[in-house]
$ cat final-v6.txt   # compact mmCIF, N, CA and C atoms
# COMPACT_ATOMS: atom_id res chain seq x y z
N MET A 1 0.85 -1.17 0.00
CA MET A 1 0.00 0.00 0.00
C MET A 1 0.89 1.23 0.00
N SER A 2 0.62 2.15 -0.86
CA SER A 2 1.30 3.43 -0.87
C SER A 2 0.28 4.48 -0.53
N GLY A 3 0.73 5.51 0.14
CA GLY A 3 -0.23 6.56 0.44
C GLY A 3 0.35 7.53 1.42
N ASN A 4 -0.49 8.43 1.90
CA ASN A 4 0.01 9.47 2.77
C ASN A 4 -0.76 9.55 4.07
N GLY A 5 -1.06 8.43 4.68
CA GLY A 5 -1.75 8.56 5.95
C GLY A 5 -2.24 7.26 6.55
N ALA A 6 -2.84 6.39 5.78
CA ALA A 6 -3.43 5.18 6.33
C ALA A 6 -2.35 4.14 6.57
N SER A 7 -2.45 3.43 7.67
CA SER A 7 -1.51 2.35 7.93
C SER A 7 -2.31 1.10 8.24
N SER A 8 -1.63 -0.04 8.22
CA SER A 8 -2.33 -1.28 8.47
C SER A 8 -2.90 -1.30 9.89
N SER A 9 -2.28 -0.57 10.83
CA SER A 9 -2.82 -0.54 12.18
C SER A 9 -4.18 0.16 12.22
N SER A 10 -4.46 1.01 11.22
CA SER A 10 -5.76 1.68 11.15
C SER A 10 -6.89 0.68 10.96
N LEU A 11 -6.57 -0.50 10.41
CA LEU A 11 -7.60 -1.49 10.14
C LEU A 11 -8.33 -1.90 11.42
N ASN A 12 -7.60 -1.95 12.53
CA ASN A 12 -8.19 -2.42 13.77
C ASN A 12 -9.05 -1.35 14.44
N MET A 13 -8.89 -0.09 14.05
CA MET A 13 -9.56 0.99 14.75
C MET A 13 -10.83 1.47 14.04
N ILE A 14 -11.09 1.00 12.84
CA ILE A 14 -12.21 1.52 12.08
C ILE A 14 -13.23 0.43 11.86
N SER A 15 -14.45 0.71 12.21
CA SER A 15 -15.52 -0.23 11.90
C SER A 15 -16.33 0.35 10.76
N GLY A 16 -16.94 -0.48 9.97
CA GLY A 16 -17.75 -0.02 8.86
C GLY A 16 -18.84 0.93 9.28
N GLU A 17 -19.33 0.77 10.52
CA GLU A 17 -20.40 1.62 11.01
C GLU A 17 -19.98 3.09 11.04
N ASP A 18 -18.69 3.34 11.29
CA ASP A 18 -18.21 4.70 11.45
C ASP A 18 -18.11 5.46 10.14
N VAL A 19 -18.07 4.77 9.02
CA VAL A 19 -17.78 5.45 7.77
C VAL A 19 -18.97 5.49 6.81
N VAL A 20 -20.11 4.99 7.22
CA VAL A 20 -21.28 5.04 6.35
C VAL A 20 -21.64 6.51 6.13
N ASN A 21 -21.76 6.88 4.86
CA ASN A 21 -22.07 8.27 4.53
C ASN A 21 -22.91 8.30 3.27
N ASN A 22 -24.14 8.76 3.40
CA ASN A 22 -25.05 8.79 2.26
C ASN A 22 -24.84 9.99 1.36
N ASN A 23 -23.91 10.87 1.70
CA ASN A 23 -23.69 12.05 0.88
C ASN A 23 -22.47 11.94 -0.02
N LEU A 24 -21.66 10.91 0.15
CA LEU A 24 -20.46 10.77 -0.66
C LEU A 24 -20.76 10.11 -1.99
N THR A 25 -19.99 10.51 -3.00
CA THR A 25 -20.12 9.94 -4.34
C THR A 25 -18.79 9.34 -4.76
N ALA A 26 -18.87 8.30 -5.59
CA ALA A 26 -17.66 7.64 -6.06
C ALA A 26 -17.79 7.30 -7.53
N LEU A 27 -16.65 7.32 -8.20
CA LEU A 27 -16.54 6.89 -9.59
C LEU A 27 -15.57 5.72 -9.62
N VAL A 28 -16.01 4.59 -10.16
CA VAL A 28 -15.16 3.40 -10.28
C VAL A 28 -14.75 3.30 -11.76
N VAL A 29 -13.44 3.42 -12.01
CA VAL A 29 -12.93 3.41 -13.38
C VAL A 29 -12.08 2.16 -13.56
N ASP A 30 -12.60 1.20 -14.34
CA ASP A 30 -11.89 -0.05 -14.56
C ASP A 30 -12.44 -0.69 -15.82
N ASP A 31 -11.57 -1.31 -16.61
CA ASP A 31 -12.04 -1.96 -17.83
C ASP A 31 -12.61 -3.35 -17.57
N SER A 32 -12.44 -3.86 -16.36
CA SER A 32 -12.99 -5.17 -16.01
C SER A 32 -14.39 -5.02 -15.45
N PRO A 33 -15.41 -5.54 -16.14
CA PRO A 33 -16.78 -5.45 -15.61
C PRO A 33 -16.91 -6.09 -14.23
N LEU A 34 -16.18 -7.17 -14.00
CA LEU A 34 -16.26 -7.86 -12.71
C LEU A 34 -15.71 -6.98 -11.58
N LEU A 35 -14.56 -6.35 -11.80
CA LEU A 35 -13.99 -5.50 -10.76
C LEU A 35 -14.81 -4.23 -10.57
N ARG A 36 -15.36 -3.68 -11.64
CA ARG A 36 -16.25 -2.52 -11.50
C ARG A 36 -17.41 -2.88 -10.58
N LEU A 37 -18.02 -4.03 -10.83
CA LEU A 37 -19.16 -4.47 -10.03
C LEU A 37 -18.75 -4.73 -8.58
N LEU A 38 -17.64 -5.42 -8.37
CA LEU A 38 -17.17 -5.73 -7.02
C LEU A 38 -16.94 -4.45 -6.22
N HIS A 39 -16.22 -3.50 -6.81
CA HIS A 39 -15.94 -2.25 -6.10
C HIS A 39 -17.22 -1.43 -5.90
N GLU A 40 -18.10 -1.47 -6.89
CA GLU A 40 -19.38 -0.76 -6.76
C GLU A 40 -20.20 -1.32 -5.59
N ILE A 41 -20.26 -2.64 -5.47
CA ILE A 41 -21.01 -3.28 -4.38
C ILE A 41 -20.42 -2.89 -3.03
N HIS A 42 -19.08 -2.95 -2.91
CA HIS A 42 -18.43 -2.58 -1.65
C HIS A 42 -18.76 -1.13 -1.28
N LEU A 43 -18.67 -0.22 -2.23
CA LEU A 43 -18.91 1.20 -1.95
C LEU A 43 -20.37 1.46 -1.58
N LYS A 44 -21.28 0.79 -2.28
CA LYS A 44 -22.70 0.99 -1.98
C LYS A 44 -23.06 0.49 -0.58
N LYS A 45 -22.33 -0.54 -0.10
CA LYS A 45 -22.57 -1.03 1.26
C LYS A 45 -22.32 0.06 2.29
N TYR A 46 -21.43 0.98 1.96
CA TYR A 46 -21.11 2.09 2.87
C TYR A 46 -21.97 3.32 2.58
N GLY A 47 -22.96 3.18 1.71
CA GLY A 47 -23.90 4.27 1.47
C GLY A 47 -23.51 5.25 0.39
N LEU A 48 -22.43 4.98 -0.36
CA LEU A 48 -22.02 5.90 -1.41
C LEU A 48 -22.90 5.78 -2.64
N LYS A 49 -23.04 6.89 -3.34
CA LYS A 49 -23.67 6.89 -4.66
C LYS A 49 -22.55 6.63 -5.65
N VAL A 50 -22.70 5.59 -6.49
CA VAL A 50 -21.60 5.13 -7.33
C VAL A 50 -21.95 5.21 -8.81
N GLN A 51 -20.99 5.68 -9.58
CA GLN A 51 -21.07 5.65 -11.03
C GLN A 51 -19.84 4.89 -11.52
N VAL A 52 -19.94 4.27 -12.70
CA VAL A 52 -18.82 3.50 -13.23
C VAL A 52 -18.42 4.01 -14.61
N ALA A 53 -17.15 3.78 -14.95
CA ALA A 53 -16.61 4.12 -16.27
C ALA A 53 -15.65 3.02 -16.68
N GLU A 54 -15.65 2.69 -17.97
CA GLU A 54 -14.83 1.56 -18.42
C GLU A 54 -13.41 1.93 -18.83
N ASN A 55 -13.08 3.22 -18.86
CA ASN A 55 -11.69 3.62 -19.14
C ASN A 55 -11.49 5.06 -18.69
N GLY A 56 -10.23 5.49 -18.72
CA GLY A 56 -9.90 6.83 -18.25
C GLY A 56 -10.53 7.94 -19.05
N LYS A 57 -10.70 7.74 -20.34
CA LYS A 57 -11.30 8.79 -21.18
C LYS A 57 -12.74 9.06 -20.76
N VAL A 58 -13.49 8.00 -20.49
CA VAL A 58 -14.88 8.17 -20.03
C VAL A 58 -14.89 8.94 -18.71
N ALA A 59 -13.95 8.63 -17.82
CA ALA A 59 -13.87 9.33 -16.54
C ALA A 59 -13.57 10.81 -16.75
N VAL A 60 -12.59 11.12 -17.57
CA VAL A 60 -12.22 12.51 -17.84
C VAL A 60 -13.40 13.24 -18.48
N ASP A 61 -14.07 12.58 -19.42
CA ASP A 61 -15.23 13.18 -20.09
C ASP A 61 -16.34 13.51 -19.08
N LEU A 62 -16.56 12.62 -18.11
CA LEU A 62 -17.59 12.89 -17.09
C LEU A 62 -17.27 14.18 -16.33
N PHE A 63 -16.01 14.37 -15.96
CA PHE A 63 -15.62 15.58 -15.24
C PHE A 63 -15.75 16.81 -16.16
N HIS A 64 -15.38 16.65 -17.43
CA HIS A 64 -15.54 17.76 -18.38
C HIS A 64 -17.01 18.17 -18.50
N LEU A 65 -17.90 17.22 -18.37
CA LEU A 65 -19.35 17.49 -18.47
C LEU A 65 -19.93 18.05 -17.17
N GLY A 66 -19.08 18.22 -16.16
CA GLY A 66 -19.53 18.83 -14.92
C GLY A 66 -19.76 17.88 -13.76
N ALA A 67 -19.57 16.59 -13.98
CA ALA A 67 -19.74 15.63 -12.87
C ALA A 67 -18.62 15.85 -11.85
N SER A 68 -18.91 15.54 -10.61
CA SER A 68 -17.88 15.57 -9.59
C SER A 68 -18.10 14.41 -8.63
N PHE A 69 -17.03 13.92 -8.07
CA PHE A 69 -17.07 12.77 -7.19
C PHE A 69 -16.12 13.02 -6.02
N ASP A 70 -16.48 12.50 -4.86
CA ASP A 70 -15.60 12.61 -3.70
C ASP A 70 -14.42 11.64 -3.82
N LEU A 71 -14.68 10.49 -4.41
CA LEU A 71 -13.70 9.42 -4.50
C LEU A 71 -13.69 8.86 -5.91
N VAL A 72 -12.48 8.66 -6.45
CA VAL A 72 -12.32 8.02 -7.75
C VAL A 72 -11.40 6.82 -7.56
N LEU A 73 -11.90 5.62 -7.88
CA LEU A 73 -11.05 4.43 -7.90
C LEU A 73 -10.59 4.25 -9.34
N MET A 74 -9.29 4.35 -9.58
CA MET A 74 -8.75 4.39 -10.94
C MET A 74 -7.84 3.19 -11.20
N ASP A 75 -8.25 2.34 -12.13
CA ASP A 75 -7.41 1.24 -12.58
C ASP A 75 -6.21 1.83 -13.34
N LYS A 76 -5.10 1.12 -13.33
CA LYS A 76 -3.91 1.62 -14.03
C LYS A 76 -3.91 1.22 -15.50
N GLU A 77 -4.13 -0.04 -15.77
CA GLU A 77 -4.04 -0.56 -17.14
C GLU A 77 -5.42 -0.66 -17.76
N MET A 78 -5.71 0.25 -18.70
CA MET A 78 -7.00 0.24 -19.40
C MET A 78 -6.77 0.66 -20.85
N PRO A 79 -7.67 0.21 -21.74
CA PRO A 79 -7.57 0.67 -23.13
C PRO A 79 -8.07 2.12 -23.25
N VAL A 80 -7.86 2.71 -24.37
CA VAL A 80 -8.27 4.08 -24.73
C VAL A 80 -7.46 5.11 -23.97
N MET A 81 -7.62 5.20 -22.65
CA MET A 81 -6.80 6.07 -21.80
C MET A 81 -6.55 5.36 -20.49
N ASN A 82 -5.27 5.14 -20.18
CA ASN A 82 -4.95 4.41 -18.96
C ASN A 82 -5.08 5.30 -17.73
N GLY A 83 -4.92 4.70 -16.56
CA GLY A 83 -5.11 5.41 -15.31
C GLY A 83 -4.10 6.51 -15.06
N VAL A 84 -2.86 6.32 -15.50
CA VAL A 84 -1.83 7.34 -15.32
C VAL A 84 -2.21 8.59 -16.12
N GLU A 85 -2.55 8.40 -17.39
CA GLU A 85 -2.92 9.54 -18.24
C GLU A 85 -4.17 10.23 -17.70
N ALA A 86 -5.18 9.44 -17.32
CA ALA A 86 -6.43 10.01 -16.83
C ALA A 86 -6.20 10.79 -15.54
N THR A 87 -5.40 10.26 -14.63
CA THR A 87 -5.13 10.94 -13.37
C THR A 87 -4.41 12.26 -13.62
N LYS A 88 -3.39 12.23 -14.49
CA LYS A 88 -2.68 13.47 -14.82
C LYS A 88 -3.63 14.51 -15.40
N GLU A 89 -4.52 14.08 -16.29
CA GLU A 89 -5.45 15.01 -16.91
C GLU A 89 -6.44 15.56 -15.89
N LEU A 90 -6.95 14.70 -15.02
CA LEU A 90 -7.89 15.17 -13.99
C LEU A 90 -7.22 16.20 -13.08
N ARG A 91 -6.00 15.94 -12.65
CA ARG A 91 -5.30 16.89 -11.77
C ARG A 91 -5.02 18.19 -12.52
N ALA A 92 -4.68 18.11 -13.81
CA ALA A 92 -4.44 19.31 -14.61
C ALA A 92 -5.72 20.14 -14.75
N MET A 93 -6.86 19.48 -14.70
CA MET A 93 -8.16 20.17 -14.78
C MET A 93 -8.54 20.80 -13.43
N GLY A 94 -7.76 20.53 -12.40
CA GLY A 94 -8.05 21.07 -11.09
C GLY A 94 -8.92 20.18 -10.22
N VAL A 95 -9.10 18.93 -10.62
CA VAL A 95 -9.91 18.00 -9.85
C VAL A 95 -9.21 17.70 -8.51
N THR A 96 -9.94 17.90 -7.42
CA THR A 96 -9.36 17.68 -6.09
C THR A 96 -9.91 16.43 -5.40
N SER A 97 -10.70 15.66 -6.10
CA SER A 97 -11.24 14.41 -5.54
C SER A 97 -10.10 13.52 -5.04
N MET A 98 -10.40 12.67 -4.06
CA MET A 98 -9.43 11.66 -3.67
C MET A 98 -9.38 10.64 -4.81
N ILE A 99 -8.21 10.50 -5.43
CA ILE A 99 -8.05 9.52 -6.50
C ILE A 99 -7.17 8.39 -5.97
N VAL A 100 -7.71 7.18 -6.02
CA VAL A 100 -7.03 6.01 -5.50
C VAL A 100 -6.71 5.08 -6.67
N GLY A 101 -5.43 4.83 -6.87
CA GLY A 101 -5.01 3.91 -7.92
C GLY A 101 -5.25 2.48 -7.49
N VAL A 102 -5.71 1.68 -8.43
CA VAL A 102 -5.97 0.27 -8.19
C VAL A 102 -5.27 -0.49 -9.30
N THR A 103 -4.30 -1.32 -8.93
CA THR A 103 -3.49 -1.97 -9.95
C THR A 103 -3.25 -3.43 -9.63
N SER A 104 -3.09 -4.22 -10.68
CA SER A 104 -2.74 -5.63 -10.49
C SER A 104 -1.23 -5.80 -10.44
N LYS A 105 -0.50 -4.79 -10.86
CA LYS A 105 0.96 -4.83 -10.82
C LYS A 105 1.40 -4.20 -9.51
N ASP A 106 1.96 -5.03 -8.64
CA ASP A 106 2.24 -4.58 -7.29
C ASP A 106 3.68 -4.13 -7.09
N GLY A 107 4.48 -4.08 -8.16
CA GLY A 107 5.87 -3.67 -8.01
C GLY A 107 5.97 -2.23 -7.55
N PRO A 108 6.98 -1.94 -6.70
CA PRO A 108 7.12 -0.58 -6.18
C PRO A 108 7.32 0.46 -7.30
N GLY A 109 8.02 0.09 -8.37
CA GLY A 109 8.23 1.01 -9.49
C GLY A 109 6.92 1.34 -10.18
N GLU A 110 6.06 0.33 -10.34
CA GLU A 110 4.76 0.52 -10.97
C GLU A 110 3.90 1.46 -10.14
N GLN A 111 3.85 1.21 -8.85
CA GLN A 111 3.03 2.04 -7.97
C GLN A 111 3.58 3.46 -7.89
N GLN A 112 4.91 3.59 -7.85
CA GLN A 112 5.52 4.91 -7.73
C GLN A 112 5.18 5.78 -8.94
N ALA A 113 5.26 5.21 -10.14
CA ALA A 113 4.93 5.96 -11.36
C ALA A 113 3.47 6.39 -11.34
N PHE A 114 2.61 5.52 -10.86
CA PHE A 114 1.18 5.82 -10.79
C PHE A 114 0.93 6.91 -9.73
N MET A 115 1.59 6.80 -8.59
CA MET A 115 1.45 7.81 -7.53
C MET A 115 1.88 9.18 -8.04
N GLU A 116 2.95 9.22 -8.80
CA GLU A 116 3.48 10.49 -9.30
C GLU A 116 2.53 11.17 -10.28
N ALA A 117 1.59 10.42 -10.84
CA ALA A 117 0.59 11.01 -11.74
C ALA A 117 -0.40 11.89 -10.98
N GLY A 118 -0.44 11.73 -9.64
CA GLY A 118 -1.34 12.56 -8.85
C GLY A 118 -2.30 11.80 -7.95
N LEU A 119 -2.00 10.52 -7.72
CA LEU A 119 -2.86 9.74 -6.83
C LEU A 119 -2.70 10.16 -5.38
N ASP A 120 -3.74 9.90 -4.60
CA ASP A 120 -3.65 10.06 -3.16
C ASP A 120 -3.16 8.77 -2.51
N TYR A 121 -3.58 7.64 -3.06
CA TYR A 121 -3.18 6.32 -2.56
C TYR A 121 -3.12 5.36 -3.74
N CYS A 122 -2.45 4.23 -3.53
CA CYS A 122 -2.42 3.18 -4.55
C CYS A 122 -2.43 1.83 -3.86
N PHE A 123 -3.31 0.94 -4.33
CA PHE A 123 -3.45 -0.38 -3.74
C PHE A 123 -3.51 -1.44 -4.84
N GLU A 124 -3.18 -2.66 -4.45
CA GLU A 124 -3.35 -3.79 -5.35
C GLU A 124 -4.83 -4.15 -5.38
N LYS A 125 -5.31 -4.52 -6.57
CA LYS A 125 -6.74 -4.87 -6.67
C LYS A 125 -6.93 -6.35 -6.49
N PRO A 126 -8.14 -6.74 -6.08
CA PRO A 126 -9.30 -5.90 -5.77
C PRO A 126 -9.18 -5.29 -4.38
N LEU A 127 -9.85 -4.15 -4.19
CA LEU A 127 -9.87 -3.52 -2.87
C LEU A 127 -10.74 -4.35 -1.94
N THR A 128 -10.31 -4.45 -0.71
CA THR A 128 -11.07 -5.18 0.30
C THR A 128 -11.99 -4.20 1.04
N PRO A 129 -13.01 -4.71 1.70
CA PRO A 129 -13.85 -3.82 2.52
C PRO A 129 -13.03 -3.06 3.57
N GLU A 130 -11.99 -3.67 4.10
CA GLU A 130 -11.15 -3.00 5.10
C GLU A 130 -10.44 -1.79 4.51
N ILE A 131 -9.90 -1.94 3.31
CA ILE A 131 -9.21 -0.81 2.66
C ILE A 131 -10.22 0.28 2.31
N ILE A 132 -11.37 -0.11 1.80
CA ILE A 132 -12.41 0.88 1.47
C ILE A 132 -12.83 1.62 2.73
N SER A 133 -12.94 0.92 3.85
CA SER A 133 -13.29 1.55 5.11
C SER A 133 -12.25 2.62 5.49
N ILE A 134 -10.97 2.31 5.34
CA ILE A 134 -9.90 3.27 5.63
C ILE A 134 -10.02 4.49 4.72
N LEU A 135 -10.26 4.25 3.45
CA LEU A 135 -10.38 5.36 2.49
C LEU A 135 -11.56 6.26 2.85
N LEU A 136 -12.66 5.66 3.22
CA LEU A 136 -13.84 6.45 3.57
C LEU A 136 -13.63 7.24 4.86
N GLU A 137 -12.91 6.65 5.79
CA GLU A 137 -12.56 7.38 7.02
C GLU A 137 -11.71 8.60 6.67
N GLU A 138 -10.76 8.43 5.77
CA GLU A 138 -9.92 9.56 5.33
C GLU A 138 -10.77 10.62 4.63
N LEU A 139 -11.72 10.20 3.81
CA LEU A 139 -12.62 11.15 3.14
C LEU A 139 -13.46 11.91 4.16
N ASN A 140 -13.98 11.21 5.14
CA ASN A 140 -14.79 11.86 6.18
C ASN A 140 -13.96 12.89 6.95
N LYS A 141 -12.70 12.57 7.26
CA LYS A 141 -11.82 13.53 7.94
C LYS A 141 -11.61 14.75 7.06
N HIS A 142 -11.37 14.53 5.79
CA HIS A 142 -11.12 15.62 4.83
C HIS A 142 -12.36 16.50 4.74
N ASN A 143 -13.54 15.90 4.65
CA ASN A 143 -14.79 16.67 4.52
C ASN A 143 -15.09 17.49 5.77
N LYS A 144 -14.67 17.01 6.93
CA LYS A 144 -14.92 17.76 8.16
C LYS A 144 -14.05 19.01 8.22
N LYS A 145 -12.88 18.97 7.55
CA LYS A 145 -12.00 20.14 7.52
C LYS A 145 -12.56 21.24 6.64
N ASP A 146 -13.30 20.86 5.58
CA ASP A 146 -13.81 21.84 4.61
C ASP A 146 -14.90 22.71 5.16
$ encode --input "final-v6.txt" --output "structure tokens"
Amino acid sequence: MSGNGASSSSLNMISGEDVVNNNLTALVVDDSPLLRLLHEIHLKKYGLKVQVAENGKVAVDLFHLGASFDLVLMDKEMPVMNGVEATKELRAMGVTSMIVGVTSKDGPGEQQAFMEAGLDYCFEKPLTPEIISILLEELNKHNKKD
């Protein structure tokens, strides 16, 4: 796991009950229908409103059309526009959403390049309910500051 705040010890301190939030929105960007569905189900369990996109270009287009999301789960390897390109473009557009990279390539070099594109965190896929719980806790902390 790469990131700037969550640690594995956080897993023991957060229960799913603490992070349920019906006001948060998420975009799941992945070319795998199965992983899109899996991540969508996990997020909906925590009360998020979820939209899906099959590649980075669709995600960027949604933001260009005025959509906004609190959380973006971004796959790294996708056709049309990969996660690195999409993340760079979103950040260049001024998107401040929490963008979490999700990759099947767990090498430190792979994750580092993805993080440098502008991710907040990067995890190996699929995300577990425990990791999603940590991410939502971080989002809730961020929203309380605003």
$ atom_distance --input "final-v6.txt" --atom1 "CA of Leu37 in chain A" --atom2 "CA of Leu119 in chain A"
21.9 Å
$ closest_atom_pairs --input "final-v6.txt" --of "range 71-129 of chain A" --to "range 24-36 of chain A" --cutoff "6 Å" --atoms "only C-alpha atoms" --output "JSON lines"
{"residue": "A:Leu71", "atom": "CA", "partner": "A:Ala26", "partner_atom": "CA", "distance": 4.6}
{"residue": "A:Val72", "atom": "CA", "partner": "A:Leu27", "partner_atom": "CA", "distance": 4.7}
{"residue": "A:Leu73", "atom": "CA", "partner": "A:Val28", "partner_atom": "CA", "distance": 4.9}
{"residue": "A:Met74", "atom": "CA", "partner": "A:Val29", "partner_atom": "CA", "distance": 4.9}
{"residue": "A:Asp75", "atom": "CA", "partner": "A:Asp30", "partner_atom": "CA", "distance": 5.1}
{"residue": "A:Met78", "atom": "CA", "partner": "A:Asp31", "partner_atom": "CA", "distance": 5.7}
$ write_last_selection --input "final-v6.txt" --atoms "N, CA and C atoms" --output "PDB file, in the frame of the given file"
ATOM      1  N   LEU A  71     -14.680  10.490  -4.410  1.00  0.00           N
ATOM      2  CA  LEU A  71     -13.700   9.420  -4.500  1.00  0.00           C
ATOM      3  C   LEU A  71     -13.690   8.860  -5.910  1.00  0.00           C
ATOM      4  N   VAL A  72     -12.480   8.660  -6.450  1.00  0.00           N
ATOM      5  CA  VAL A  72     -12.320   8.020  -7.750  1.00  0.00           C
ATOM      6  C   VAL A  72     -11.400   6.820  -7.560  1.00  0.00           C
ATOM      7  N   LEU A  73     -11.900   5.620  -7.880  1.00  0.00           N
ATOM      8  CA  LEU A  73     -11.050   4.430  -7.900  1.00  0.00           C
ATOM      9  C   LEU A  73     -10.590   4.250  -9.340  1.00  0.00           C
ATOM     10  N   MET A  74      -9.290   4.350  -9.580  1.00  0.00           N
ATOM     11  CA  MET A  74      -8.750   4.390 -10.940  1.00  0.00           C
ATOM     12  C   MET A  74      -7.840   3.190 -11.200  1.00  0.00           C
ATOM     13  N   ASP A  75      -8.250   2.340 -12.130  1.00  0.00           N
ATOM     14  CA  ASP A  75      -7.410   1.240 -12.580  1.00  0.00           C
ATOM     15  C   ASP A  75      -6.210   1.830 -13.340  1.00  0.00           C
ATOM     16  N   MET A  78      -5.710   0.250 -18.700  1.00  0.00           N
ATOM     17  CA  MET A  78      -7.000   0.240 -19.400  1.00  0.00           C
ATOM     18  C   MET A  78      -6.770   0.660 -20.850  1.00  0.00           C
TER      19      MET A  78
END
$ atom_distance --input "final-v6.txt" --atom1 "CA of Ala53 in chain A" --atom2 "atom N of Lys141 in chain A"
25.3 Å
$ closest_residue --input "final-v6.txt" --among "A:Asp70, A:Glu77, A:Glu110, A:Glu130" --to "Asn23 in chain A" --atoms "only N, CA and C atoms"
A:Asp70
$ select_by_dssp --input "final-v6.txt" --residues "chain A" --states "strand (DSSP E or B)" --output "number ranges by chain"
A: 2-3, 25-29, 49-53, 71-75, 98-103, 121-124
$ atom_distance --input "final-v6.txt" --atom1 "atom N of Gly94 in chain A" --atom2 "CA of Phe63 in chain A"
9.7 Å
